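Have a look at the structure below before the remarks.
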Amino acid sequence: MFRLDGKVALVTGASGGIGQAIAKALIAQGAKVVLSGTRENILKEVQEKLGGEEKAKIQVANLTDSESVAALIPSSEELFGAPIDILVNNAGLTRDTLALRMKDTDWQTVLDVDLSVPFKLSQIAIKGMMRRRYGRIINIASIVGVTGNAGQTNYSAAKAGLIGMSKSLALEIASRGITVNVVAPGFIETAMTDQLAEAQREKLLEKIPCSRMGKVEDIAAAVTYLASDEAQWVTGSTLHVNGGMAMI
Amino acid sequence: MSDIADKVKKIVVEHLGVEEAKVTPEASFIDDLGADSLDTVELVMAFEEAFSVEIPEDSAEKIATVKDAIDYIEKQKQSA
C-alpha cells in the first residue's frame with residue numbers, strides 16, 4: 001500500500017527538517033523527488049543521504065522572488081524529464097511578534113511566502129495535472145491556522161488561508177483526478193524546540209495528550225498517505241497531526 | 001476552411017477527445033461535444049496559447065460553439 005513508484009514529487013522547503021523527512025518518505029515509497037530550497041549546500045547533503053541523483057534532484061529557489069516562483073515547476077519538470085505528479089508546498093517562514101509591534105513587512109512577507117507562493121505553484125502545476133487527469137497537491141499548514149497563537153497573527157492567517165484555498169481548489173479540480181489536501185502539524189521536534197528550557201518543555205508536553213513532541217516522520221507519514229493512490233477519495237481535507245493537542 | 005479554423009478544430013479534438021466529424025462550426029462545446037465548464041476554460045487557455053491572443057473573461061464566456069471561437073480569433077488576428 002501507499003506505493004509511489006514512477007511518480008515525481010516536488011517538495012519545497014526541502015532543506016528543513018520536515019521537508020527532508022517528507023522527501024525521504026516519498027522516496028522510500030518509490031517516488032523521485034525534486035528538492036527545492038534556498039540553501040544549496042544543505043540540499044546537496046540531503047540529496048546524498050537520499051540516494052543521490054537517481055532519486056533526488058536539486059532545484060535552488062528563492063520563493064520571495066516571483067520570477068523564481070514562476071520558474072520552479074517548469075525547471076523542476078526538466079530535471080527528471082517528467083511532469084510533477086505530487087506537489088508538496090512545505091516551504092514557509094515565520095516573523096513572530098505581537099500584533100501591536102508587527103511591521104507591515106513582517107505581515108506581508110509571511111502572507112506572500114506561506115500563502116501566495118503555494119497558490120501560485122499550485123496554479124502552475126494543475127495545468128499539466130489537468131491534462132494528465134492525475135495530481136496530488138499537499139499543503140503543509142499548522143495547528144495555529146485553526147487554533148490561533150499569540151505572536152503569530154501573520155503566520156496563523158497565512159496557514160488558515162492555506163486551508164481555505166485548498167478547499168476551493170479541491171472543488172475546482174476534483175473531477176480531473178487531482179486531490180488537494182492539507183497536513184496541519186502540531187509541535188514538532190526540531191532544532192528550534194531542542195533549545196527550549198526543560199521547564200518550558202514540560203509545560204508544552206502537558207498540552208499534548210500523546211505526551212511527546214511530534215517527530216518529522218509523523219508529518220511525512222501523513223503526506224505519504226495523501227500522496228498515494230489509496231487516498232484518491234480524500235480531497236479538500238485537513239489532516240491534523242498533533243498528538244491530540246487539538247481535536248478538530 | 002481557414003488555417004485558424006483548422007487549428008481550432010484540431011485543438012478541440014485533442015482536448016475533448018471527440019471525433020473530428022463531430023466538430024462542426026455549429027457544435028456547442030457543452031451541449032454537443034460533452035465539455036464541462038472546466039473544459040471550456042481549458043479550451044480558451046489552449047486557444048490563447050496557440051494563437052498568442054488574450055481572451056478576456058467576458059469574451060470567453062460568449063464562446064460557446066466552435067464557430068464562436070473561430071470568429072473571435074479571426075477578429076483578433078485581423079485587428080492585430
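In the C-alpha cells, each chain is lettered A, B, ... as it comes, each chain's residues begin at 1, and ligands are numbered from 1 in order of appearance.
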
task = For region 53-55 of chain B, work out the shell of residues within 12 Å, counting only C-alpha atoms and skipping chain neighbours fewer than 3 positions away, then give it as a ChimeraX atom specification.
result = /B:41,43-50,58-63,69,72-80

inquiry  = Run DSSP on the backbone and tell me which residues of region 101-209 of chain A come out as helix (DSSP H, G or I); list them as a PyMOL selection string.
reply    = chain A and resi 101+104-132+144-147+153-176+191-194+198-206

task = For region 15-21 of chain B, work out the shell of residues within 10 Å, counting only C-alpha atoms and skipping chain neighbours fewer than 2 positions away, then give it as a PyMOL selection string.
result = (chain A and resi 131) or (chain B and resi 9-13+23-24+29+33-36+39-40+42-43+46)

Sorted by chain and rising residue number, which residues of chain A lie within 9 Å of chain B, and what are their closest atom pairs and distances in Å to one decimal, counting only C-alpha atoms, as JSON lines?
{"residue": "A:Lys127", "atom": "CA", "partner": "B:Glu42", "partner_atom": "CA", "distance": 8.5}
{"residue": "A:Met130", "atom": "CA", "partner": "B:Glu42", "partner_atom": "CA", "distance": 8.9}
{"residue": "A:Arg131", "atom": "CA", "partner": "B:His15", "partner_atom": "CA", "distance": 8.2}
{"residue": "A:Glu172", "atom": "CA", "partner": "B:Leu38", "partner_atom": "CA", "distance": 8.0}
{"residue": "A:Ile173", "atom": "CA", "partner": "B:Leu38", "partner_atom": "CA", "distance": 8.1}

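Neighbouring residues of Ala27 (chain B) at 9 Å or closer, counting only C-alpha atoms and skipping chain neighbours under 4 positions away, are Lys22, Val23, Asp31, Asp32, Leu33, Ala64, Thr65, Val66 and Lys67 of chain B.
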
A:Lys24, A:Arg132, A:Lys120, A:Lys49 ranked by distance to Ser68 (chain A), top pick (using only C-alpha atoms) =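 So, comparing all the options, the nearest one is A:Lys120.
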
request  = Could you tell me how far CA of Leu169 (chain A) lies from CA of Leu115 (chain A), in Å and to one decimal?
outcome  =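 According to the coordinates, CA of Leu169 (chain A) and CA of Leu115 (chain A) are separated by 13.3 Å.
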
key: strand (DSSP E) per DSSP on the backbone: members of region 20-219 of chain A, as a list in words   =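 Of region 20-219 of chain A, the ones in strand (DSSP E) are Lys32, Val33, Val34, Leu35, Ser36, Gly37, Ala56, Lys57, Ile58, Gln59, Val60, Ile86, Leu87, Val88, Asn89, Gly135, Arg136, Ile137, Ile138, Asn139, Ile140, Ile178, Thr179, Val180, Asn181, Val182, Val183, Ala184 and Pro185 of chain A.
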
Output file for the residues above (C-alpha atoms, as a JSON list (two decimals), in the first residue's frame):
[["chain", "number", "residue", "atom", "x", "y", "z"],
["A", 32, "LYS", "CA", 11.57, 10.52, -7.37],
["A", 33, "VAL", "CA", 11.79, 13.86, -5.66],
["A", 34, "VAL", "CA", 12.89, 17.34, -6.64],
["A", 35, "LEU", "CA", 14.29, 19.02, -3.55],
["A", 36, "SER", "CA", 13.71, 22.74, -3.58],
["A", 37, "GLY", "CA", 15.14, 25.15, -1.07],
["A", 56, "ALA", "CA", 16.59, 13.21, -5.85],
["A", 57, "LYS", "CA", 17.42, 16.32, -7.83],
["A", 58, "ILE", "CA", 18.09, 19.78, -6.55],
["A", 59, "GLN", "CA", 16.36, 22.97, -7.56],
["A", 60, "VAL", "CA", 17.55, 26.03, -5.68],
["A", 86, "ILE", "CA", 2.92, 15.39, -6.46],
["A", 87, "LEU", "CA", 3.42, 18.96, -5.25],
["A", 88, "VAL", "CA", 4.21, 19.39, -1.57],
["A", 89, "ASN", "CA", 4.04, 23.03, -0.54],
["A", 135, "GLY", "CA", -2.24, 15.02, -9.45],
["A", 136, "ARG", "CA", -1.65, 15.40, -5.74],
["A", 137, "ILE", "CA", -1.24, 18.73, -4.03],
["A", 138, "ILE", "CA", -0.39, 18.64, -0.35],
["A", 139, "ASN", "CA", -0.10, 21.88, 1.56],
["A", 140, "ILE", "CA", 1.66, 21.96, 4.90],
["A", 178, "ILE", "CA", -6.42, 15.83, -8.71],
["A", 179, "THR", "CA", -6.70, 15.97, -4.95],
["A", 180, "VAL", "CA", -5.74, 18.94, -2.79],
["A", 181, "ASN", "CA", -5.25, 18.34, 0.91],
["A", 182, "VAL", "CA", -3.61, 19.87, 3.93],
["A", 183, "VAL", "CA", -1.45, 18.44, 6.69],
["A", 184, "ALA", "CA", -1.52, 20.57, 9.84],
["A", 185, "PRO", "CA", 1.34, 19.71, 12.19]]

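Distance-wise, CA of Met102 (chain A) and CA of Val146 (chain A) end up 20.5 Å apart.
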
message = If we count only C-alpha atoms and set the cut-off at 10 Å, which residues sit around Leu205 (chain A), ignoring sequence neighbours fewer than 6 positions away in its own chain? Please answer as a VMD selection string.
response = chain A and resid 187 199 211 to 213 243 245

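Of note, CA of Pro209 (chain A) and CA of Val241 (chain A) are spaced 12.2 Å apart.
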